[in-house]
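Heads up, my_file_20.txt below (compact mmCIF, C-alpha atoms and all ligand atoms):
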# COMPACT_ATOMS: atom_id res chain seq x y z
CA MET A 1 -26.96 -13.40 -0.20
CA ASP A 2 -25.42 -11.98 3.00
CA GLU A 3 -23.39 -8.86 2.66
CA ILE A 4 -19.66 -8.96 3.35
CA ARG A 5 -18.89 -6.43 6.07
CA PHE A 6 -15.51 -4.83 6.54
CA ILE A 7 -13.92 -1.48 7.28
CA LEU A 8 -12.48 0.43 4.35
CA ASN A 9 -10.25 3.39 5.20
CA GLY A 10 -11.97 3.73 8.56
CA LYS A 11 -15.55 3.45 7.27
CA GLU A 12 -17.95 0.55 7.90
CA THR A 13 -18.59 -0.99 4.50
CA ALA A 14 -20.96 -3.70 3.25
CA TYR A 15 -20.37 -5.44 -0.07
CA ALA A 16 -23.34 -7.16 -1.68
CA GLY A 17 -21.44 -8.91 -4.49
CA ALA A 18 -20.02 -12.40 -4.70
CA ALA A 19 -17.60 -13.78 -2.11
CA THR A 20 -15.42 -14.92 -5.01
CA ASP A 21 -15.00 -11.41 -6.42
CA ARG A 22 -11.44 -10.20 -6.36
CA LEU A 23 -10.62 -7.53 -3.76
CA LEU A 24 -8.53 -5.59 -6.30
CA ASP A 25 -11.48 -5.29 -8.70
CA VAL A 26 -13.94 -4.42 -5.95
CA LEU A 27 -11.72 -1.71 -4.47
CA ARG A 28 -11.23 -0.08 -7.86
CA GLY A 29 -14.69 -0.70 -9.33
CA ALA A 30 -17.15 -0.48 -6.45
CA TYR A 31 -15.31 1.87 -4.12
CA ARG A 32 -13.27 3.96 -6.56
CA CYS A 33 -10.01 3.33 -4.73
CA THR A 34 -8.07 3.87 -7.92
CA SER A 35 -4.74 4.16 -6.12
CA VAL A 36 -4.86 0.35 -6.05
CA LYS A 37 -3.25 -0.53 -9.35
CA CYS A 38 -3.62 -3.64 -11.45
CA GLY A 39 -0.25 -4.83 -12.70
CA CYS A 40 0.14 -8.56 -13.04
CA ARG A 41 -3.06 -9.88 -11.38
CA GLU A 42 -1.07 -12.83 -10.10
CA GLY A 43 0.62 -11.68 -6.92
CA GLU A 44 3.99 -10.82 -8.42
CA CYS A 45 4.26 -7.03 -8.72
CA GLY A 46 2.83 -5.45 -5.55
CA ALA A 47 1.04 -2.68 -7.47
CA CYS A 48 -2.27 -3.76 -5.91
CA ALA A 49 -0.93 -3.96 -2.35
CA VAL A 50 -3.17 -2.81 0.49
CA LEU A 51 -2.96 -3.10 4.26
CA ILE A 52 -5.35 -5.68 5.70
CA ASP A 53 -5.38 -5.52 9.48
CA GLY A 54 -1.98 -3.85 9.22
CA THR A 55 -0.40 -6.50 6.99
CA LEU A 56 0.69 -5.73 3.42
CA ILE A 57 -1.25 -8.00 1.06
CA ASN A 58 -1.63 -8.11 -2.71
CA SER A 59 -5.33 -7.48 -3.26
CA CYS A 60 -5.36 -9.35 -6.59
CA CYS A 61 -4.90 -12.56 -4.63
CA VAL A 62 -7.72 -11.98 -2.13
CA ALA A 63 -11.35 -13.04 -2.54
CA MET A 64 -13.98 -10.78 -0.99
CA GLY A 65 -15.18 -13.58 1.23
CA ALA A 66 -11.84 -13.50 3.03
CA VAL A 67 -12.11 -9.85 4.10
CA GLU A 68 -15.24 -10.21 6.25
CA GLY A 69 -14.52 -8.40 9.54
CA SER A 70 -11.18 -6.99 8.36
CA SER A 71 -9.92 -3.44 8.29
CA ILE A 72 -8.51 -2.47 4.88
CA VAL A 73 -6.40 0.60 4.22
CA THR A 74 -5.59 1.86 0.73
CA LEU A 75 -3.59 4.95 -0.13
CA GLU A 76 -6.85 6.95 -0.15
CA GLY A 77 -7.07 6.37 3.59
CA TYR A 78 -3.37 6.28 4.41
CA ARG A 79 -2.79 9.68 2.85
CA GLU A 80 -4.72 11.26 5.71
CA THR A 81 -2.04 10.21 8.21
CA GLU A 82 0.99 12.00 9.59
CA ARG A 83 3.15 9.05 8.53
CA PHE A 84 2.05 9.52 4.93
CA ALA A 85 3.00 13.21 5.08
CA VAL A 86 6.56 12.23 6.02
CA LEU A 87 6.83 9.64 3.24
CA ASP A 88 5.22 11.99 0.72
CA LYS A 89 7.74 14.73 1.46
CA ALA A 90 10.67 12.29 1.33
CA PHE A 91 9.56 10.78 -2.01
CA ALA A 92 9.16 14.28 -3.47
CA GLU A 93 12.52 15.41 -2.11
CA VAL A 94 14.45 12.80 -4.09
CA SER A 95 12.05 12.58 -7.06
CA ALA A 96 11.31 8.95 -6.26
CA VAL A 97 8.10 9.04 -8.28
CA GLN A 98 8.63 8.41 -11.98
CA CYS A 99 5.56 7.12 -13.83
CA GLY A 100 3.94 6.68 -10.44
CA PHE A 101 2.17 3.39 -11.19
CA CYS A 102 4.00 1.44 -8.51
CA ILE A 103 4.05 4.22 -5.92
CA PRO A 104 0.79 3.57 -4.02
CA GLY A 105 1.93 0.00 -3.36
CA MET A 106 5.45 1.21 -2.58
CA VAL A 107 4.18 3.72 -0.02
CA LEU A 108 2.03 1.10 1.72
CA ALA A 109 4.97 -1.32 1.62
CA ALA A 110 7.14 1.36 3.24
CA GLU A 111 4.51 1.77 5.95
CA SER A 112 4.56 -1.99 6.47
CA VAL A 113 8.37 -2.08 6.70
CA LEU A 114 8.60 0.89 9.09
CA SER A 115 5.73 -0.22 11.31
CA SER A 116 7.48 -3.54 11.91
CA ASN A 117 10.97 -2.01 12.16
CA PRO A 118 11.09 1.77 12.76
CA ASP A 119 14.88 1.99 12.46
CA PRO A 120 15.84 -0.30 9.58
CA THR A 121 19.13 -0.47 7.75
CA GLU A 122 19.08 0.25 4.02
CA GLU A 123 19.52 -3.47 3.41
CA GLU A 124 16.48 -4.25 5.57
CA VAL A 125 14.44 -1.68 3.64
CA ARG A 126 15.53 -3.24 0.34
CA ILE A 127 14.49 -6.67 1.56
CA GLY A 128 11.20 -5.35 2.93
CA MET A 129 10.39 -3.62 -0.37
CA SER A 130 11.42 -6.54 -2.57
CA GLY A 131 7.85 -7.67 -3.26
CA ASN A 132 7.07 -4.41 -5.04
CA LEU A 133 8.30 -4.01 -8.60
CA CYS A 134 8.98 -0.72 -10.36
CA ARG A 135 9.16 -0.97 -14.10
CA CYS A 136 10.88 2.41 -14.29
CA THR A 137 13.72 0.72 -12.33
CA GLY A 138 13.61 3.51 -9.79
CA TYR A 139 14.53 1.47 -6.73
CA ASN A 140 17.46 3.55 -5.54
CA ALA A 141 15.44 6.76 -5.29
CA ILE A 142 12.59 4.93 -3.55
CA ILE A 143 14.93 3.32 -1.02
CA HIS A 144 16.67 6.66 -0.49
CA ALA A 145 13.28 8.32 0.16
CA ILE A 146 12.37 5.70 2.75
CA MET A 147 15.71 6.16 4.53
CA ILE A 148 15.00 9.91 4.66
CA ALA A 149 11.56 9.15 6.12
CA VAL A 150 13.22 6.96 8.77
CA LYS A 151 15.10 10.05 9.98
CA GLU A 152 12.41 12.67 9.43
CA GLY A 153 9.67 10.52 10.93
CA ASN A 154 11.65 9.52 13.97
CA GLY A 155 9.13 8.58 16.67
CA LEU A 156 6.16 8.29 14.30
CA TRP A 157 6.62 4.58 13.67
S1 LIG B 1 -1.57 -6.84 -9.57
FE1 LIG B 1 -1.50 -7.82 -7.66
S2 LIG B 1 0.56 -8.35 -7.33
FE2 LIG B 1 0.50 -7.53 -9.34
S1 LIG B 2 7.60 4.77 -10.95
FE1 LIG B 2 6.97 3.73 -12.71
S2 LIG B 2 6.62 1.70 -12.16
FE2 LIG B 2 7.56 2.63 -10.49
Take the structure from the file and write it as structure tokens.
Amino acid sequence: MDEIRFILNGKETAYAGAATDRLLDVLRGAYRCTSVKCGCREGECGACAVLIDGTLINSCCVAMGAVEGSSIVTLEGYRETERFAVLDKAFAEVSAVQCGFCIPGMVLAAESVLSSNPDPTEEEVRIGMSGNLCRCTGYNAIIHAIMIAVKEGNGLW
């Protein structure tokens, strides 16, 4: 069978498994991207969100065959960026991380919101983050952190 070729966190990658394998399972199992969390496995919680060609997508809903030629970023790759450093500091500043399970998806969702709108209102951030669920109900701290990052990261997005 042909390999499925894609870029993972900046590195050329070839996957020899089935095209029907789930991206979430492959990222965690084959490539040890354990920041990608498995919550609902049905596209509802956002814990498994990754950036595919810059778009936030729930990896539990993606078959490997669909990622051929794509560039995928997980938190393992995103954490090397200057933008991550700003979000990281902001999340820490307001203790936005509780159990932490939802946070990798939240951070990538924040990147997605800010890259499409670098100067959002709080309401726009809330709407943009609405596909990511936090079972610790920590939304206010997370939204607050993102609004801090909007100011601190002025010019980065
Ligand atoms: S595990 Fe993918 S959206 Fe919940
Ligand atoms: S911090 Fe626990 S699920 Fe969000």
Pick out the residues no farther than 7 Å from ligand LIG 1 (chain B), counting all atoms listed in the file, and list them as a ChimeraX atom specification. /A:37-49,58-61
Counting only C-alpha atoms, which residue out of A:Ala149, A:Met129, A:Ala30, A:Met64 sits closest to Ala85 in chain A? A:Ala149
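Counting only C-alpha atoms, the residue from A:Thr13, A:Ser112, A:Gln98, A:Thr121 that sits nearest to Ser71 in chain A is A:Thr13.
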Could you pull the residues within 12 Å of Thr81 in chain A, counting only C-alpha atoms, minus those fewer than 5 positions along the same chain, as a PyMOL selection string? chain A and resi 9-10+73-76+86-88+108+111+156-157
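Of the listed residues (A:Gly17, A:Gly155, A:Pro120, A:Gly69), A:Pro120 comes nearest to Ile143 in chain A; the distances count only C-alpha atoms.
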Within 9 Å of ligand LIG 2 (chain B) (counting all atoms listed in the file), which residues show up? I'd like them as JSON, numbers by chain. {"A": [47, 96, 97, 98, 99, 100, 101, 102, 103, 106, 132, 133, 134, 135, 136, 137, 138, 139, 142]}
File of the preceding selection, C-alpha atoms, as a compact mmCIF listing (two decimals), in the frame of the given file:
# COMPACT_ATOMS: atom_id res chain seq x y z
CA ALA A 47 1.04 -2.68 -7.47
CA ALA A 96 11.31 8.95 -6.26
CA VAL A 97 8.10 9.04 -8.28
CA GLN A 98 8.63 8.41 -11.98
CA CYS A 99 5.56 7.12 -13.83
CA GLY A 100 3.94 6.68 -10.44
CA PHE A 101 2.17 3.39 -11.19
CA CYS A 102 4.00 1.44 -8.51
CA ILE A 103 4.05 4.22 -5.92
CA MET A 106 5.45 1.21 -2.58
CA ASN A 132 7.07 -4.41 -5.04
CA LEU A 133 8.30 -4.01 -8.60
CA CYS A 134 8.98 -0.72 -10.36
CA ARG A 135 9.16 -0.97 -14.10
CA CYS A 136 10.88 2.41 -14.29
CA THR A 137 13.72 0.72 -12.33
CA GLY A 138 13.61 3.51 -9.79
CA TYR A 139 14.53 1.47 -6.73
CA ILE A 142 12.59 4.93 -3.55
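Using all atoms listed in the file, the nearest neighbour of Ile72 in chain A within the list A:Phe91, A:Asn154, A:Glu12, A:Leu51 is A:Leu51.
Candidate residues A:Ile127, A:Ile146, A:Val62, A:Leu56 were compared for distance to Leu27 in chain A, and the nearest is A:Val62, using all atoms listed in the file.
In this structure, CA of Leu8 in chain A sits 11.5 Å away from CA of Leu23 in chain A.
Our summary of the geometry notes that CA of Arg83 in chain A is positioned 19.3 Å from CA of Arg126 in chain A.
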